[in-house]
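What follows is a short report on a single structure.
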Amino acid sequence: MKREDSHPDLTDVERRALRALAEGPEPPPELAAATLRRLEESGLIAKAGGRRPAWRIRLLAAAAALALFALGLGVGIGLRPGSRLAPAPATPRFALFLYDAPDEKELTGAQMRARVDEYRSWARGVRAAGRDISGEKLESGGRVLGPSDAAPGRPPAGGWALGGYFVISAPDLEAAVAVARSCPHVRHGGRIEVRAIART
Amino acid sequence: MAGGDRPDAEALEASAPAARSGDDLRKDRLFVSRFLESRDEAAFRDLYARHCGALYRFLLRLTGRASDADEGVQETWVRACRSLERFAWRSALSTWLAGIAIRWWREECRRRGRLWDLEDEKADAGVFAAAAPPDAVDRIDLERALADLSLGYREAILLHDVYGHTHAEIAELLEMDEGTSKSQLSRARRVLRARLGEGRT
């Protein structure tokens with residue numbers, strides 16, 4: 001049994017590779033503004049252009065909201081007095097729908113587990129690169145509601161089955177498509193439909 | 001196997017992100033004192049600009065999610081600005097910020113019930129002892145292996161091997177003794193190397 005304090009020194013190769021991880025993406029530009037809003041809301045910094053403390057800002061916002069309400073315009077048009085300020089605009093999100101080919105062979109339990117591990121490993125790589133990602137494998141079957149000829153998501157003709165999905169963050173459609181291209185599903189003969197998620 | 005006393009290893013130590021010069025320290029002190037005097041946006045932006053990149057990337061590696069890193073940056077600064085007056089400069093400002101970020105993320109993990117993050121610590125690290133060091137390390141493989149580590153091991157690797165903090169700094173930061181920090185790093189390196197080995201086979 002090895003002693004617990006036998007330090008496994010890093011090789012130079014490992015050491016350099018680890019140090020290189022300190023380099024990476026820059027924070028999104030809007031993060032500075034979001035942080036400032038949080039600090040203002042918490043009363044930790046004075047608002048730009050005037051050094052009004054947070055309680056006064058909240059009081060003014062509440063008064064403005066009341067005035068709007070009195071005018072019949074309703075409250076909350078971006079003021080939301082007393083609540084935490086809205087976070088910075090989120091990065092756009094895209095849904096990746098994974099269709100299995102019509103001639104996809106039935107996988108054994110072990111093959112299925114290996115396949116799921118492969119997709120999970122890919123997803124972890126996407127996440128490690130700084131993108132949000134979530135997703136699930138879908139069970140086959142289910143029900144379609146509505147008119148009898150309705151089909152969920154208008155799947156491609158020819159017996160392709162919707163087998164799973166991922167939701168990722170990406171700055172735009174092209175970036176989302178690039179991520180989708182790297183998914184093992186494409187290599188396994190599957191089809192991926194990339195759709196932007198509507199911002200509400 | 002490289003020893004820590006080799007000249008190139010020493011040069012690498014000196015270039016570590018946490019190895020900050022006296023000039024860096026003076027600038028940090030100046031910017032902090034300006035901010036504490038004015039508590040205004042301009043002074044905060046100066047302070048933020050000096051540290052936001054490293055803090056964001058640290059949180060990105062720690063949490064593995066861009067949205068959590070965004071939230072972590074905001075929460076770290078809120079907490080830092082609350083207690084900046086009491087900051088005693090026993091460590092670099094960047095080290096202190098990293099400590100705040102780690103405590104926030106631990107709270108978040110507890111709040112979200114991410115108990116699975118403790119799995120590595122429960123495993124017998126002895127089974128990983130035989131893993132051979134790799135000839136080359138692919139960045140993507142390393143990022144994945146690091147992201148897969150338990151939180152405690154990830155903290156150890158990030159603080160010591162990625163950001164170059166000393167065991168003394170880590171011990172103060174995480175309120176543990178230096179021996180614990182060293183043994184934690186030791187186990188973390190074994191598991192990380194074994195994970196990289198799994199990727200090669």
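Every chain in the structure tokens has a letter given in the order shown (A, B, ...), and although residue numbers restart at 1 in each chain, ligands are simply numbered from 1 in the order shown.
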Using only C-alpha atoms, I'd like a table of the residues in chain B that come within 8 Å of chain A; for each, show the closest atom pair and its distance in Å rounded to one decimal, ordered by chain and ascending number, as JSON lines.
{"residue": "B:Met1", "atom": "CA", "partner": "A:Thr11", "partner_atom": "CA", "distance": 5.2}
{"residue": "B:Ala2", "atom": "CA", "partner": "A:Thr11", "partner_atom": "CA", "distance": 4.7}
{"residue": "B:Gly3", "atom": "CA", "partner": "A:Asp9", "partner_atom": "CA", "distance": 6.6}
{"residue": "B:Gly4", "atom": "CA", "partner": "A:Asp9", "partner_atom": "CA", "distance": 7.5}
{"residue": "B:Ala9", "atom": "CA", "partner": "A:Asp12", "partner_atom": "CA", "distance": 7.2}
{"residue": "B:Leu12", "atom": "CA", "partner": "A:Arg16", "partner_atom": "CA", "distance": 7.9}
{"residue": "B:Ala16", "atom": "CA", "partner": "A:Arg19", "partner_atom": "CA", "distance": 7.2}
{"residue": "B:Pro17", "atom": "CA", "partner": "A:Ala22", "partner_atom": "CA", "distance": 7.3}
{"residue": "B:Arg39", "atom": "CA", "partner": "A:Ile45", "partner_atom": "CA", "distance": 4.8}
{"residue": "B:Asp40", "atom": "CA", "partner": "A:Ala46", "partner_atom": "CA", "distance": 5.1}
{"residue": "B:Glu41", "atom": "CA", "partner": "A:Ala48", "partner_atom": "CA", "distance": 5.8}
{"residue": "B:Ala42", "atom": "CA", "partner": "A:Ala48", "partner_atom": "CA", "distance": 7.9}
{"residue": "B:Arg45", "atom": "CA", "partner": "A:Ala32", "partner_atom": "CA", "distance": 7.7}
{"residue": "B:Tyr48", "atom": "CA", "partner": "A:Ala32", "partner_atom": "CA", "distance": 7.6}
{"residue": "B:Cys52", "atom": "CA", "partner": "A:Pro27", "partner_atom": "CA", "distance": 7.1}
{"residue": "B:Gly53", "atom": "CA", "partner": "A:Glu26", "partner_atom": "CA", "distance": 5.7}
{"residue": "B:Ala54", "atom": "CA", "partner": "A:Ala22", "partner_atom": "CA", "distance": 7.4}
{"residue": "B:Tyr56", "atom": "CA", "partner": "A:Pro27", "partner_atom": "CA", "distance": 5.9}
{"residue": "B:Arg57", "atom": "CA", "partner": "A:Gly24", "partner_atom": "CA", "distance": 6.5}
{"residue": "B:Phe58", "atom": "CA", "partner": "A:Ala22", "partner_atom": "CA", "distance": 7.3}
{"residue": "B:Leu60", "atom": "CA", "partner": "A:Gly130", "partner_atom": "CA", "distance": 6.6}
{"residue": "B:Arg61", "atom": "CA", "partner": "A:Ala128", "partner_atom": "CA", "distance": 7.2}
{"residue": "B:Gly64", "atom": "CA", "partner": "A:Ala128", "partner_atom": "CA", "distance": 5.5}
{"residue": "B:Arg65", "atom": "CA", "partner": "A:Asp132", "partner_atom": "CA", "distance": 5.5}
{"residue": "B:Ala66", "atom": "CA", "partner": "A:Gly130", "partner_atom": "CA", "distance": 5.2}
{"residue": "B:Ser67", "atom": "CA", "partner": "A:Asp132", "partner_atom": "CA", "distance": 6.8}
{"residue": "B:Asp70", "atom": "CA", "partner": "A:Leu31", "partner_atom": "CA", "distance": 6.7}
{"residue": "B:Val73", "atom": "CA", "partner": "A:Thr35", "partner_atom": "CA", "distance": 7.5}
{"residue": "B:Gln74", "atom": "CA", "partner": "A:Thr35", "partner_atom": "CA", "distance": 4.8}
{"residue": "B:Trp77", "atom": "CA", "partner": "A:Thr35", "partner_atom": "CA", "distance": 7.3}
{"residue": "B:Val78", "atom": "CA", "partner": "A:Leu39", "partner_atom": "CA", "distance": 5.9}
{"residue": "B:Cys81", "atom": "CA", "partner": "A:Leu44", "partner_atom": "CA", "distance": 6.5}
{"residue": "B:Arg82", "atom": "CA", "partner": "A:Leu44", "partner_atom": "CA", "distance": 6.9}
{"residue": "B:Gly126", "atom": "CA", "partner": "A:Lys2", "partner_atom": "CA", "distance": 7.1}
{"residue": "B:Ala129", "atom": "CA", "partner": "A:Lys2", "partner_atom": "CA", "distance": 7.8}
{"residue": "B:Pro133", "atom": "CA", "partner": "A:Thr11", "partner_atom": "CA", "distance": 7.1}
{"residue": "B:Pro134", "atom": "CA", "partner": "A:Glu14", "partner_atom": "CA", "distance": 7.7}
{"residue": "B:Asp135", "atom": "CA", "partner": "A:Val13", "partner_atom": "CA", "distance": 7.1}
{"residue": "B:Ala136", "atom": "CA", "partner": "A:Val13", "partner_atom": "CA", "distance": 6.3}
{"residue": "B:Val137", "atom": "CA", "partner": "A:Ala17", "partner_atom": "CA", "distance": 6.5}
{"residue": "B:Asp138", "atom": "CA", "partner": "A:Ala17", "partner_atom": "CA", "distance": 7.8}
{"residue": "B:Arg139", "atom": "CA", "partner": "A:Ala17", "partner_atom": "CA", "distance": 6.8}
{"residue": "B:Ile140", "atom": "CA", "partner": "A:Gly125", "partner_atom": "CA", "distance": 6.8}
{"residue": "B:Asp141", "atom": "CA", "partner": "A:Gly125", "partner_atom": "CA", "distance": 7.9}
{"residue": "B:Leu142", "atom": "CA", "partner": "A:Leu18", "partner_atom": "CA", "distance": 7.8}
{"residue": "B:Glu143", "atom": "CA", "partner": "A:Ala128", "partner_atom": "CA", "distance": 5.7}
{"residue": "B:Arg144", "atom": "CA", "partner": "A:Gly125", "partner_atom": "CA", "distance": 5.4}
{"residue": "B:Ala147", "atom": "CA", "partner": "A:Ala128", "partner_atom": "CA", "distance": 6.3}
{"residue": "B:Asp148", "atom": "CA", "partner": "A:Arg124", "partner_atom": "CA", "distance": 7.9}
{"residue": "B:Asp161", "atom": "CA", "partner": "A:Leu18", "partner_atom": "CA", "distance": 6.1}
{"residue": "B:Val162", "atom": "CA", "partner": "A:Arg19", "partner_atom": "CA", "distance": 4.5}
{"residue": "B:Tyr163", "atom": "CA", "partner": "A:Ala22", "partner_atom": "CA", "distance": 6.4}
{"residue": "B:Gly164", "atom": "CA", "partner": "A:Arg19", "partner_atom": "CA", "distance": 8.0}
{"residue": "B:Lys182", "atom": "CA", "partner": "A:Asp5", "partner_atom": "CA", "distance": 7.5}
{"residue": "B:Ser183", "atom": "CA", "partner": "A:Asp5", "partner_atom": "CA", "distance": 5.6}
{"residue": "B:Ser186", "atom": "CA", "partner": "A:His7", "partner_atom": "CA", "distance": 5.1}
{"residue": "B:Arg187", "atom": "CA", "partner": "A:Glu4", "partner_atom": "CA", "distance": 7.8}
{"residue": "B:Arg189", "atom": "CA", "partner": "A:Pro8", "partner_atom": "CA", "distance": 6.8}
{"residue": "B:Arg190", "atom": "CA", "partner": "A:Pro8", "partner_atom": "CA", "distance": 6.8}
Fewer than 6 positions away in the same chain doesn't count, so skip those; otherwise give me all residues within 9 Å of region 88-94 of chain B, counting only C-alpha atoms, as a compact mmCIF listing (two decimals) with all heavy atoms, in the first residue's frame.
# COMPACT_ATOMS: atom_id res chain seq x y z
N ALA B 18 -0.73 33.20 -10.03
CA ALA B 18 -0.82 33.70 -8.66
C ALA B 18 0.47 34.37 -8.21
O ALA B 18 0.51 35.02 -7.18
CB ALA B 18 -1.16 32.55 -7.72
N ARG B 20 2.32 37.10 -8.13
CA ARG B 20 2.13 38.50 -8.49
C ARG B 20 3.30 39.33 -7.98
O ARG B 20 3.85 39.07 -6.92
CB ARG B 20 0.80 39.01 -7.93
CG ARG B 20 -0.35 38.14 -8.42
CD ARG B 20 -1.71 38.64 -8.04
NE ARG B 20 -2.10 39.89 -8.64
CZ ARG B 20 -2.67 40.00 -9.82
NH1 ARG B 20 -2.86 38.95 -10.57
NH2 ARG B 20 -3.06 41.17 -10.26
N LEU B 25 0.89 44.21 -6.43
CA LEU B 25 0.37 44.41 -5.08
C LEU B 25 0.11 45.89 -4.81
O LEU B 25 -0.94 46.26 -4.27
CB LEU B 25 1.36 43.83 -4.06
CG LEU B 25 0.93 43.93 -2.60
CD1 LEU B 25 -0.34 43.13 -2.36
CD2 LEU B 25 2.04 43.41 -1.68
N ASP B 28 -2.97 46.95 -6.66
CA ASP B 28 -4.17 46.44 -5.98
C ASP B 28 -4.51 47.30 -4.77
O ASP B 28 -5.65 47.68 -4.55
CB ASP B 28 -3.96 44.98 -5.54
CG ASP B 28 -4.27 44.00 -6.67
OD1 ASP B 28 -4.93 44.40 -7.64
OD2 ASP B 28 -3.83 42.84 -6.57
N ARG B 29 -3.47 47.61 -3.97
CA ARG B 29 -3.70 48.41 -2.75
C ARG B 29 -4.24 49.79 -3.13
O ARG B 29 -5.17 50.30 -2.48
CB ARG B 29 -2.40 48.57 -1.97
CG ARG B 29 -2.06 47.35 -1.11
CD ARG B 29 -0.77 47.62 -0.34
NE ARG B 29 -0.43 46.55 0.56
CZ ARG B 29 -0.85 46.47 1.83
NH1 ARG B 29 -1.65 47.38 2.32
NH2 ARG B 29 -0.48 45.46 2.60
N HIS B 51 -9.14 42.18 -12.28
CA HIS B 51 -9.30 40.81 -11.78
C HIS B 51 -10.39 40.00 -12.48
O HIS B 51 -10.52 38.80 -12.21
CB HIS B 51 -9.59 40.84 -10.28
CG HIS B 51 -8.43 41.35 -9.49
ND1 HIS B 51 -7.35 40.55 -9.16
CD2 HIS B 51 -8.14 42.58 -9.02
CE1 HIS B 51 -6.47 41.27 -8.49
NE2 HIS B 51 -6.91 42.50 -8.40
N ALA B 54 -9.29 36.68 -14.73
CA ALA B 54 -8.80 35.52 -13.96
C ALA B 54 -9.92 34.94 -13.09
O ALA B 54 -10.05 33.72 -12.98
CB ALA B 54 -7.62 35.95 -13.10
N LEU B 55 -10.71 35.82 -12.48
CA LEU B 55 -11.78 35.34 -11.60
C LEU B 55 -12.83 34.57 -12.41
O LEU B 55 -13.30 33.50 -11.99
CB LEU B 55 -12.44 36.53 -10.88
CG LEU B 55 -13.60 36.18 -9.94
CD1 LEU B 55 -13.14 35.30 -8.79
CD2 LEU B 55 -14.24 37.47 -9.39
N GLU B 169 -0.81 29.26 1.16
CA GLU B 169 -1.94 30.12 0.78
C GLU B 169 -3.24 29.32 0.76
O GLU B 169 -4.29 29.79 1.23
CB GLU B 169 -1.69 30.72 -0.61
CG GLU B 169 -0.66 31.81 -0.63
CD GLU B 169 -0.36 32.30 -2.05
OE1 GLU B 169 -0.39 31.48 -3.00
OE2 GLU B 169 -0.07 33.49 -2.21
N GLU B 172 -4.57 28.57 4.22
CA GLU B 172 -5.26 29.71 4.85
C GLU B 172 -6.61 29.96 4.19
O GLU B 172 -7.62 30.21 4.85
CB GLU B 172 -4.39 30.97 4.74
CG GLU B 172 -5.10 32.18 5.31
CD GLU B 172 -4.17 33.28 5.75
OE1 GLU B 172 -2.96 33.03 5.82
OE2 GLU B 172 -4.67 34.38 6.02
N LEU B 173 -6.59 29.83 2.87
CA LEU B 173 -7.80 30.09 2.09
C LEU B 173 -8.93 29.13 2.46
O LEU B 173 -10.07 29.53 2.63
CB LEU B 173 -7.44 29.88 0.61
CG LEU B 173 -8.27 30.51 -0.46
CD1 LEU B 173 -8.10 32.00 -0.40
CD2 LEU B 173 -7.79 29.99 -1.82
From region 10-193 of chain B, collect each residue whose DSSP state is alpha helix (DSSP H) and return the set as a PyMOL selection string. chain B and resi 10-14+22-38+41-63+66-83+93-111+119-122+139-148+151-156+167-173+178-193
Let's have the selection written as a tab-separated table (two decimals), in the first residue's frame, with C-alpha atoms.
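So again_29.tsv came out as:
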chain	number	residue	atom	x	y	z
B	10	GLU	CA	11.06	27.01	-11.14
B	11	ALA	CA	10.68	29.32	-14.12
B	12	LEU	CA	7.18	27.97	-14.60
B	13	GLU	CA	6.41	28.58	-10.92
B	14	ALA	CA	7.47	32.21	-11.31
B	22	GLY	CA	5.29	43.91	-5.91
B	23	ASP	CA	3.99	46.28	-8.56
B	24	ASP	CA	0.79	44.25	-8.83
B	25	LEU	CA	0.37	44.41	-5.08
B	26	ARG	CA	0.88	48.18	-5.01
B	27	LYS	CA	-1.67	48.66	-7.78
B	28	ASP	CA	-4.17	46.44	-5.98
B	29	ARG	CA	-3.70	48.41	-2.75
B	30	LEU	CA	-4.08	51.72	-4.61
B	31	PHE	CA	-7.23	50.63	-6.46
B	32	VAL	CA	-8.78	49.16	-3.32
B	33	SER	CA	-8.12	52.30	-1.30
B	34	ARG	CA	-9.56	54.48	-4.10
B	35	PHE	CA	-12.65	52.30	-4.20
B	36	LEU	CA	-13.11	52.35	-0.44
B	37	GLU	CA	-12.83	56.15	-0.43
B	38	SER	CA	-15.31	56.78	-3.22
B	41	GLU	CA	-18.64	53.01	-10.30
B	42	ALA	CA	-15.41	54.24	-11.90
B	43	ALA	CA	-13.27	53.02	-9.01
B	44	PHE	CA	-15.04	49.68	-9.02
B	45	ARG	CA	-14.58	49.28	-12.77
B	46	ASP	CA	-10.80	49.74	-12.33
B	47	LEU	CA	-10.72	47.04	-9.70
B	48	TYR	CA	-13.02	44.78	-11.71
B	49	ALA	CA	-10.95	45.15	-14.87
B	50	ARG	CA	-7.79	44.02	-13.06
B	51	HIS	CA	-9.30	40.81	-11.78
B	52	CYS	CA	-12.39	39.94	-13.82
B	53	GLY	CA	-10.63	37.75	-16.43
B	54	ALA	CA	-8.80	35.52	-13.96
B	55	LEU	CA	-11.78	35.34	-11.60
B	56	TYR	CA	-14.18	34.43	-14.42
B	57	ARG	CA	-11.91	31.71	-15.80
B	58	PHE	CA	-11.31	30.35	-12.31
B	59	LEU	CA	-15.08	30.10	-11.76
B	60	LEU	CA	-15.56	28.60	-15.19
B	61	ARG	CA	-13.15	25.79	-14.32
B	62	LEU	CA	-14.55	25.44	-10.82
B	63	THR	CA	-18.23	25.28	-11.75
B	66	ALA	CA	-20.71	29.67	-18.05
B	67	SER	CA	-23.97	30.70	-16.34
B	68	ASP	CA	-22.62	29.63	-12.94
B	69	ALA	CA	-19.38	31.49	-13.62
B	70	ASP	CA	-21.42	34.63	-14.44
B	71	GLU	CA	-23.38	34.30	-11.22
B	72	GLY	CA	-20.22	33.47	-9.26
B	73	VAL	CA	-18.41	36.58	-10.49
B	74	GLN	CA	-21.30	38.79	-9.37
B	75	GLU	CA	-21.70	37.07	-6.02
B	76	THR	CA	-17.94	37.14	-5.36
B	77	TRP	CA	-17.79	40.89	-5.92
B	78	VAL	CA	-20.86	41.52	-3.77
B	79	ARG	CA	-19.27	39.57	-0.91
B	80	ALA	CA	-15.85	41.11	-1.53
B	81	CYS	CA	-17.21	44.67	-1.49
B	82	ARG	CA	-18.99	43.92	1.78
B	83	SER	CA	-15.81	42.88	3.54
B	93	LEU	CA	-6.22	40.12	-3.56
B	94	SER	CA	-6.64	37.52	-6.32
B	95	THR	CA	-6.15	34.71	-3.78
B	96	TRP	CA	-8.71	36.27	-1.44
B	97	LEU	CA	-11.22	36.58	-4.30
B	98	ALA	CA	-10.65	32.94	-5.25
B	99	GLY	CA	-11.41	31.96	-1.65
B	100	ILE	CA	-14.68	33.88	-1.70
B	101	ALA	CA	-15.58	32.24	-5.02
B	102	ILE	CA	-14.87	28.77	-3.63
B	103	ARG	CA	-16.97	29.34	-0.50
B	104	TRP	CA	-19.85	30.63	-2.63
B	105	TRP	CA	-19.68	27.59	-4.92
B	106	ARG	CA	-19.55	25.17	-1.98
B	107	GLU	CA	-22.70	26.80	-0.59
B	108	GLU	CA	-24.33	26.55	-4.00
B	109	CYS	CA	-23.45	22.86	-4.31
B	110	ARG	CA	-24.92	22.17	-0.87
B	111	ARG	CA	-28.01	24.19	-1.74
B	119	GLU	CA	-17.73	10.57	-4.97
B	120	ASP	CA	-14.01	10.77	-5.65
B	121	GLU	CA	-13.15	11.38	-2.01
B	122	LYS	CA	-15.04	8.24	-1.03
B	139	ARG	CA	-6.17	20.31	-23.63
B	140	ILE	CA	-9.71	19.08	-24.28
B	141	ASP	CA	-8.98	15.77	-22.53
B	142	LEU	CA	-7.53	17.67	-19.60
B	143	GLU	CA	-10.50	20.03	-19.40
B	144	ARG	CA	-12.85	17.05	-19.39
B	145	ALA	CA	-10.83	15.17	-16.78
B	146	LEU	CA	-10.71	18.24	-14.55
B	147	ALA	CA	-14.42	18.89	-14.96
B	148	ASP	CA	-15.12	15.28	-13.95
B	151	LEU	CA	-15.21	19.49	-6.15
B	152	GLY	CA	-12.50	19.03	-3.47
B	153	TYR	CA	-10.03	17.58	-5.94
B	154	ARG	CA	-10.88	20.17	-8.57
B	155	GLU	CA	-10.21	22.94	-6.04
B	156	ALA	CA	-6.82	21.42	-5.16
B	167	HIS	CA	0.11	25.15	0.01
B	168	ALA	CA	0.44	27.84	2.71
B	169	GLU	CA	-1.94	30.12	0.78
B	170	ILE	CA	-4.36	27.29	0.07
B	171	ALA	CA	-4.31	26.21	3.72
B	172	GLU	CA	-5.26	29.71	4.85
B	173	LEU	CA	-7.80	30.09	2.09
B	178	GLU	CA	-0.75	22.54	4.93
B	179	GLY	CA	-0.43	18.78	5.33
B	180	THR	CA	-4.09	18.35	4.42
B	181	SER	CA	-3.65	20.57	1.39
B	182	LYS	CA	-0.67	18.49	0.25
B	183	SER	CA	-2.38	15.14	0.68
B	184	GLN	CA	-5.53	16.44	-1.03
B	185	LEU	CA	-3.43	17.55	-4.01
B	186	SER	CA	-1.62	14.24	-4.03
B	187	ARG	CA	-4.86	12.27	-4.29
B	188	ALA	CA	-6.30	14.73	-6.81
B	189	ARG	CA	-3.28	14.33	-9.10
B	190	ARG	CA	-3.53	10.55	-8.99
B	191	VAL	CA	-7.21	10.61	-9.90
B	192	LEU	CA	-6.66	13.20	-12.63
B	193	ARG	CA	-3.82	11.16	-14.14
Would you compute the distance between CA of Arg181 (chain A) and CA of Lys137 (chain A)? Give it in Å to one decimal. 18.0 Å
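The spacing separating CA of Ser21 (chain B) from CA of Phe87 (chain B) amounts to 18.9 Å.
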As a check of understanding: the span from CA of Glu104 (chain A) to CA of Ala175 (chain A) is 27.9 Å
Can you tell me which residues surround region 170-173 of chain A at a distance of at most 8 Å, considering only C-alpha atoms, apart from same-chain residues fewer than 3 positions away, and format the answer as number ranges by chain? A: 91-94, 131, 176-177, 194, 196
For Phe166 (chain A), find every residue with an atom within 7 Å (counting only C-alpha atoms), except residues of its own chain fewer than 3 positions away, and show them as number ranges by chain. A: 95-97, 133-136
